[in-house]
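**Q** Attaching a single structure in C-alpha cells format; questions to follow.
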Amino acid sequence: MDTTAIGGCAPEAAICARGIIREFEAGQSTIRVLHGIDTDIRSGEMTYVVGESGSGKTTLISIMCGILWPTEGEVKVFGTDIYKLSDTELVNFRLNNIGFIFQQYNLIPSIDAAANAAVPLIAQGVPLHEARERAMVLLDKLNIGDQANKLPRQLSGGQQQRVAIARALVHEPRLVVCDEPTAALDARSGRRVMDLLREVAVAPDRACIIVTHDNRIFDLADRIIVLEDGRITHDGKEMPDDH
Amino acid sequence: MLTGDAQKFYGLLFGIAFSTLLITQQMTIFVNLVERGASGVYNAPEAEVWVMDPVSRTTDVSYAMPSTALDKVRSVPGVEWAVPHLRAQANVRTKDGDLEGVGVIGVDDATLIGLPKRMANGDKSVLFAPDTVVIDDVGVTRLFSNGASPLGERLELNDQRAVIRGVSDAIPSFTSTVVLYTRYSNALNFVPGTRNRLSFVLVGVRKGETPEAVAARIEKETGLKAETREEFAQAGINFIIENTGIPTNFGITVFLGFVVGVAIVGLTFSLFIRDNIKQFGALKAIGVTNRKIMGMVASQAGLVGMIGYALGVIGTVAFIRAFSSNPFFKGFYIPWQIPLISLAAVIVILAITGLIAIRSVLKTEPAAVFR
C-alpha cells in the first residue's frame, strides 16, 4: 500500500487525484471522457461536483471512490493509492472507508430499514444483532427509528433516502459520496436533505462529495468543482456567474 | 431479495415443485411398474429358489418341464422341500357372459406353497374344496366392478366349472391380468395342456445352506435352470426393462421434468437478477464481495429450492395416496432413492440456472450503479 505523497498533493487532502484520464470504447472509436483531471478533496468540507449531463462528473466520482479504473492517472484516498490495491484490497478499502448514497437509494427490497442500514456492518462481519443496534442509533438520529422494521416499499421516498443516508454512515466512513441526492425532490425537500447531510455527513475528519446538477442547492456547498467536457472549468466557493 | 419478490418467489417455487413432482412421481411409477415384472416371485414368498427349464426367463415367459423334474430337484442335497408350480393362461366366461383372459396358477396341493402370503377375503384352506379357485384382489375389481362379492360366484374356466371361494391379497402383475389360484391338480384340469405341464419347481433350502449354493447345485445335477428368489425377481424386472418401451417413455418424461424445471427456474432467476441488478451493483460498490453476493443468492435459492422440493415430494406422496385404491397403483411405494435423485436434480437445476443468472451480477461493474 503506497502512502507517499504524489506531486503537488496537499498532505491534508482526503482525496488527491492527479492526471486522471478516462476513455471508453464505443465501437471502433475511443471517447475520452476525462482529460487529465487534477484536484484535491478536503476533509470537513461539503464538495459539490457539478456539470451538465455527459460532463464526466459521474465518471470522475466513480474513479475517486474506487469503483471505476482510470485509463491514466493516480488517485490517493487518505494516502492510499487505491488503484495499486488488489481487487480484494480495494473492495475492503471501500467497505471500510467509503459510504455511498445513490440517487435511486438502491435499498434491498426484502429486508427492513434497520437491516438495510446495517448492510455495510454485516458485510464487515459485525454480528447481525450488533449491526442492527448500531443502525438503529443512526435511524433514530435521522428521525425514522420508528420505521426501522418496515420494508423499503412501505416507506415514503424521503424515508427511504434517510435509510440510504444511514446505510452510508453506519460504518463511520471517512469519505461519503452522494449521487444526485436531490434530483427527485422538490426545492424544500431538497434543502432539508442537504441540511441533514451537512449535519450528519460533514465532519472534520470526513470528506463529503456530492454529485449534482441541481442549482437550487448550490448555495449550500463549501466548495464547487465545475466540470465541462471532462475538464475542470471552475473550482471555488460559489458557482461562476455564467452558470 | 428473492424472498421479498412474491411473484418471482412463487414462480421459482412452482418451477422447483413442478419439476420435483414430475421427476419423483414418474420415477416412482416407473420403478413400481417394472417391479411388477417380479410380482409372480414376490407373490410366492416361501420359495427361496425357482427351478425352471433352461429357456424360461420370467414367471410369465416360461417353458414347461416334464413332471419328473420335481423328483430330480427333490433329490438334490440341500433341498429342504420342492413343490410343483404351474402358471398358464386361460379364458373365463363370467355369469354376465363377459370373456376375460386370466392367469391360472397351480399351487402345491398339500402345502399351498405358491399362494400369496395374505388373503384379502376368506382362508387359504378353502382351496382344499373341489373346483375351488382363489381370485386376486385386482381380479375382483376387473370381474366384479359392480361391487358384488365374488365369493361363491361360479366361473366357466376353459369350459370347466370353477367356484371362487377366496380373495388373495396379491401384488398385481405387470399387465394387471386377473389371476386365479388353485391347487396344482385342479390347475392341470383347468388348463388344457401339452405333455409337459410343470412350469416351475419352488424350492426351500435346508438350514445351513444358502439359496445360491443350492441353486448352483440344482443346475449342476439336474441340468435345469435354478435362480434364487432375488435373481429371478431381478430377471422379471430386467425383462420389462429390456422388452418394453417403458424406460424410454418414462425417461423422456423425467427428462422433460428436468428441462421444464431448468426453463421455469432459469427464466425466473434471470428476471430476478435483472430486476435487482442495481441493488447488486450497490452492494458491490459498498464493498460486498462477489463471493458474499454469490453466497447470498445461493442461500436464498437453496431456501426456495428446499421448499419447492418438499412441496414436490409431498405432492407425489399425496398422488400415490389419492390413487391407492386404484388397482393399478396397488402397493405403490416411493423407494428412498427416488427423493434423493429428485433432490440431486433440484440441486443441479438450481446450480445451472443460478450460475447462468449470477454471471451478469459478477460481470456488473460497481460503477454501473451511478449510471
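In the C-alpha cells, the first chain shown is A, the next is B, and so on; residue numbers restart at 1 for each chain, and ligands run from 1 in the order shown.
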Neighbouring residues of Leu343 of chain B were defined as those with any atom within 10 Å, considering only C-alpha atoms; residues of the same chain fewer than 6 positions away were excluded. Please report them as a ChimeraX atom specification.

**A** /B:20,23-24,305-306,309-310,313,337,349

**Q** Within 12 Å of Gln160 of chain B, counting only C-alpha atoms, which residues qualify if same-chain residues fewer than 2 places away don't, as a PyMOL selection string?

**A** chain B and resi 90-94+131-133+154-158+162-163+186-192

**Q** Within 9 Å of segment 31-46 of chain A, counting only C-alpha atoms, which residues qualify if same-chain residues fewer than 3 places away don't, as JSON, numbers by chain?

**A** {"A": [9, 10, 12, 13, 14, 15, 16, 17, 18, 19, 20, 21, 22, 23, 24, 25, 26, 54, 55, 56, 57, 59, 60, 72, 73, 174, 175, 198, 201, 202, 203, 204, 205, 206, 207, 208, 209, 210, 220, 221, 222, 223, 224, 229, 230, 231, 232]}

**Q** I need the contact residues of chain A against chain B, so if you could list those with any atom within 9 Å, counting only C-alpha atoms, and return them as JSON, numbers by chain, that would help.

**A** {"A": [58, 59, 62, 63, 65, 66, 67, 68, 88, 90, 91, 92, 93, 94, 95, 96, 98, 99, 100, 102, 103, 104, 105, 106, 107, 108, 109, 110, 111, 119, 120, 123, 124, 168, 179]}

**Q** Neighbouring residues of Lys150 of chain A were defined as those with any atom within 7 Å, considering only C-alpha atoms; residues of the same chain fewer than 2 positions away were excluded. Please report them as number ranges by chain.

**A** A: 112-113, 147-148, 152, 154

**Q** Taking C-alpha atoms for each residue, export the selection above as a PDB file, in the first residue's frame.

**A**
```
ATOM      1  CA  ASP A 112     -36.368  -3.989   6.679  1.00  0.00           C
ATOM      2  CA  ALA A 113     -34.994  -0.484   7.085  1.00  0.00           C
ATOM      3  CA  GLN A 147     -39.872   2.913  10.776  1.00  0.00           C
ATOM      4  CA  ALA A 148     -36.963   0.553  11.391  1.00  0.00           C
ATOM      5  CA  PRO A 152     -38.468  -0.187   1.820  1.00  0.00           C
ATOM      6  CA  GLN A 154     -43.602   0.604   2.974  1.00  0.00           C
TER       7      GLN A 154
END
```

**Q** Within segment 14-227 of chain B, find each residue whose DSSP state, derived from the backbone, is alpha helix (DSSP H), and express the selection as a ChimeraX atom specification.

**A** /B:14-35,39-42,68-74,137-143,184-190,211-222

**Q** Excluding Ile135 of chain B and residues on its chain fewer than 2 positions from it, collect all residues at most 8 Å away from it, counting only C-alpha atoms, and give them as a list in words.

**A**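 That gives Val133, Asp137, Gly139, Val140, Ile164, Gly166, Val167, Ser168, Val178, Val179, Leu180 and Tyr181 of chain B.
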
**Q** So which residues touch Ser19 of chain B within 7 Å, counting only C-alpha atoms, skipping near sequence neighbours fewer than 3 positions away, as JSON, numbers by chain?

**A** {"B": [15, 16, 22, 23, 257, 258, 260, 261]}
